[in-house]
file work_37.cif (mmCIF, C-alpha atoms)
data_final
loop_
_atom_site.group_PDB
_atom_site.id
_atom_site.type_symbol
_atom_site.label_atom_id
_atom_site.label_comp_id
_atom_site.auth_asym_id
_atom_site.auth_seq_id
_atom_site.Cartn_x
_atom_site.Cartn_y
_atom_site.Cartn_z
ATOM 1 C CA MET A 1 9.264 7.593 -16.325
ATOM 2 C CA ILE A 2 5.634 8.288 -15.534
ATOM 3 C CA GLU A 3 2.936 5.799 -16.422
ATOM 4 C CA LYS A 4 -0.619 6.915 -17.020
ATOM 5 C CA PHE A 5 -3.120 4.955 -14.952
ATOM 6 C CA VAL A 6 -6.833 5.627 -15.015
ATOM 7 C CA ILE A 7 -8.800 4.652 -11.927
ATOM 8 C CA ARG A 8 -12.504 4.679 -11.192
ATOM 9 C CA LEU A 9 -13.280 5.897 -7.707
ATOM 10 C CA PRO A 10 -16.391 4.890 -5.801
ATOM 11 C CA LYS A 11 -19.039 7.597 -5.718
ATOM 12 C CA GLY A 12 -18.177 10.265 -3.182
ATOM 13 C CA LEU A 13 -14.554 9.197 -2.603
ATOM 14 C CA ARG A 14 -13.099 11.997 -4.728
ATOM 15 C CA ASN A 15 -14.976 14.569 -2.652
ATOM 16 C CA LYS A 16 -13.729 12.937 0.566
ATOM 17 C CA ILE A 17 -10.078 13.175 -0.455
ATOM 18 C CA LYS A 18 -9.969 16.413 -2.448
ATOM 19 C CA HIS A 19 -9.301 18.524 0.668
ATOM 20 C CA LEU A 20 -6.046 16.663 1.455
ATOM 21 C CA PRO A 21 -4.044 18.001 -1.506
ATOM 22 C CA GLU A 22 -5.368 21.490 -0.831
ATOM 23 C CA GLN A 23 -4.203 21.329 2.793
ATOM 24 C CA ASN A 24 -0.798 19.934 1.809
ATOM 25 C CA ARG A 25 -0.379 22.213 -1.226
ATOM 26 C CA ARG A 26 -0.043 19.328 -3.652
ATOM 27 C CA SER A 27 -1.887 18.179 -6.731
ATOM 28 C CA MET A 28 -4.410 15.399 -6.270
ATOM 29 C CA ASP A 29 -2.123 13.071 -8.262
ATOM 30 C CA SER A 30 0.837 13.858 -5.991
ATOM 31 C CA GLU A 31 -1.257 13.319 -2.882
ATOM 32 C CA ILE A 32 -2.577 9.947 -4.073
ATOM 33 C CA ILE A 33 0.941 8.812 -5.003
ATOM 34 C CA MET A 34 2.261 9.845 -1.583
ATOM 35 C CA VAL A 35 -0.536 7.996 0.223
ATOM 36 C CA LEU A 36 0.018 4.846 -1.858
ATOM 37 C CA GLU A 37 3.774 4.937 -1.258
ATOM 38 C CA LYS A 38 3.277 5.310 2.507
ATOM 39 C CA LEU A 39 0.795 2.436 2.531
ATOM 40 C CA LEU A 40 3.164 0.181 0.616
ATOM 41 C CA GLN A 41 6.074 1.051 2.923
ATOM 42 C CA GLN A 42 3.932 0.329 5.975
ATOM 43 C CA ASN A 43 2.782 -3.001 4.532
ATOM 44 C CA LEU A 44 6.401 -3.997 3.849
ATOM 45 C CA ALA A 45 7.393 -3.017 7.390
ATOM 46 C CA ASP A 46 4.462 -5.005 8.800
ATOM 47 C CA MET A 47 5.459 -8.037 6.720
ATOM 48 C CA ALA A 48 9.069 -7.770 7.934
ATOM 49 C CA SER A 49 7.861 -7.653 11.542
ATOM 50 C CA GLU A 50 5.635 -10.647 10.927
ATOM 51 C CA PHE A 51 8.528 -12.614 9.410
ATOM 52 C CA ALA A 52 10.757 -11.741 12.354
ATOM 53 C CA GLY A 53 8.307 -13.481 14.686
ATOM 54 C CA ARG A 54 7.952 -16.646 12.575
ATOM 55 C CA LYS A 55 10.028 -19.813 12.799
ATOM 56 C CA GLU A 56 9.570 -20.648 9.111
ATOM 57 C CA THR A 57 12.592 -19.636 7.093
ATOM 58 C CA GLY A 58 13.668 -19.912 3.503
ATOM 59 C CA LEU A 59 11.598 -19.918 0.349
ATOM 60 C CA SER A 60 9.372 -22.830 1.375
ATOM 61 C CA GLY A 61 8.385 -21.025 4.586
ATOM 62 C CA THR A 62 7.700 -17.841 2.665
ATOM 63 C CA VAL A 63 5.546 -19.689 0.131
ATOM 64 C CA TRP A 64 3.647 -21.390 2.952
ATOM 65 C CA LEU A 65 3.006 -18.074 4.707
ATOM 66 C CA PHE A 66 1.761 -16.530 1.470
ATOM 67 C CA CYS A 67 -0.471 -19.470 0.517
ATOM 68 C CA SER A 68 -1.893 -19.749 4.024
ATOM 69 C CA GLY A 69 -3.020 -16.147 3.876
ATOM 70 C CA SER A 70 -0.540 -14.994 6.515
ATOM 71 C CA ILE A 71 0.974 -12.600 3.984
ATOM 72 C CA ASN A 72 -1.403 -10.166 2.304
ATOM 73 C CA MET A 73 -0.207 -8.468 -0.858
#

call {"tool": "encode", "arguments": {"input": "work_37.cif", "output": "structure tokens"}}
result
Amino acid sequence: MIEKFVIRLPKGLRNKIKHLPEQNRRSMDSEIIMVLEKLLQQNLADMASEFAGRKETGLSGTVWLFCSGSINM
């Protein structure tokens, strides 16, 4: 299922990114989706690495890390 999502881009950003889909032979929508998916995967990997180095475990430790700003969503 595809959801329609309208986004307002800051002035000039569309022109900065429009060459990427052309180079990769994708539509602009496909390129933006790919970039967002990669960013989300990287953020999840970074969070997993951060958790691996922490002593806090369990839900209370996770909540503390999130509330303290150690986890950025």

call {"tool": "residues_around", "arguments": {"input": "work_37.cif", "residues": "segment 29-45 of chain A", "least_positions_apart": "4", "cutoff": "8 Å", "atoms": "only C-alpha atoms", "output": "number ranges by chain"}}
result
A: 20-21, 49

call {"tool": "atom_distance", "arguments": {"input": "work_37.cif", "atom1": "atom CA of Leu13 of chain A", "atom2": "atom CA of Met28 of chain A"}}
result
12.4 Å

call {"tool": "atom_distance", "arguments": {"input": "work_37.cif", "atom1": "atom CA of Phe5 of chain A", "atom2": "atom CA of Ala48 of chain A"}}
result
28.9 Å

call {"tool": "atom_distance", "arguments": {"input": "work_37.cif", "atom1": "atom CA of Lys4 of chain A", "atom2": "atom CA of Met47 of chain A"}}
result
28.7 Å
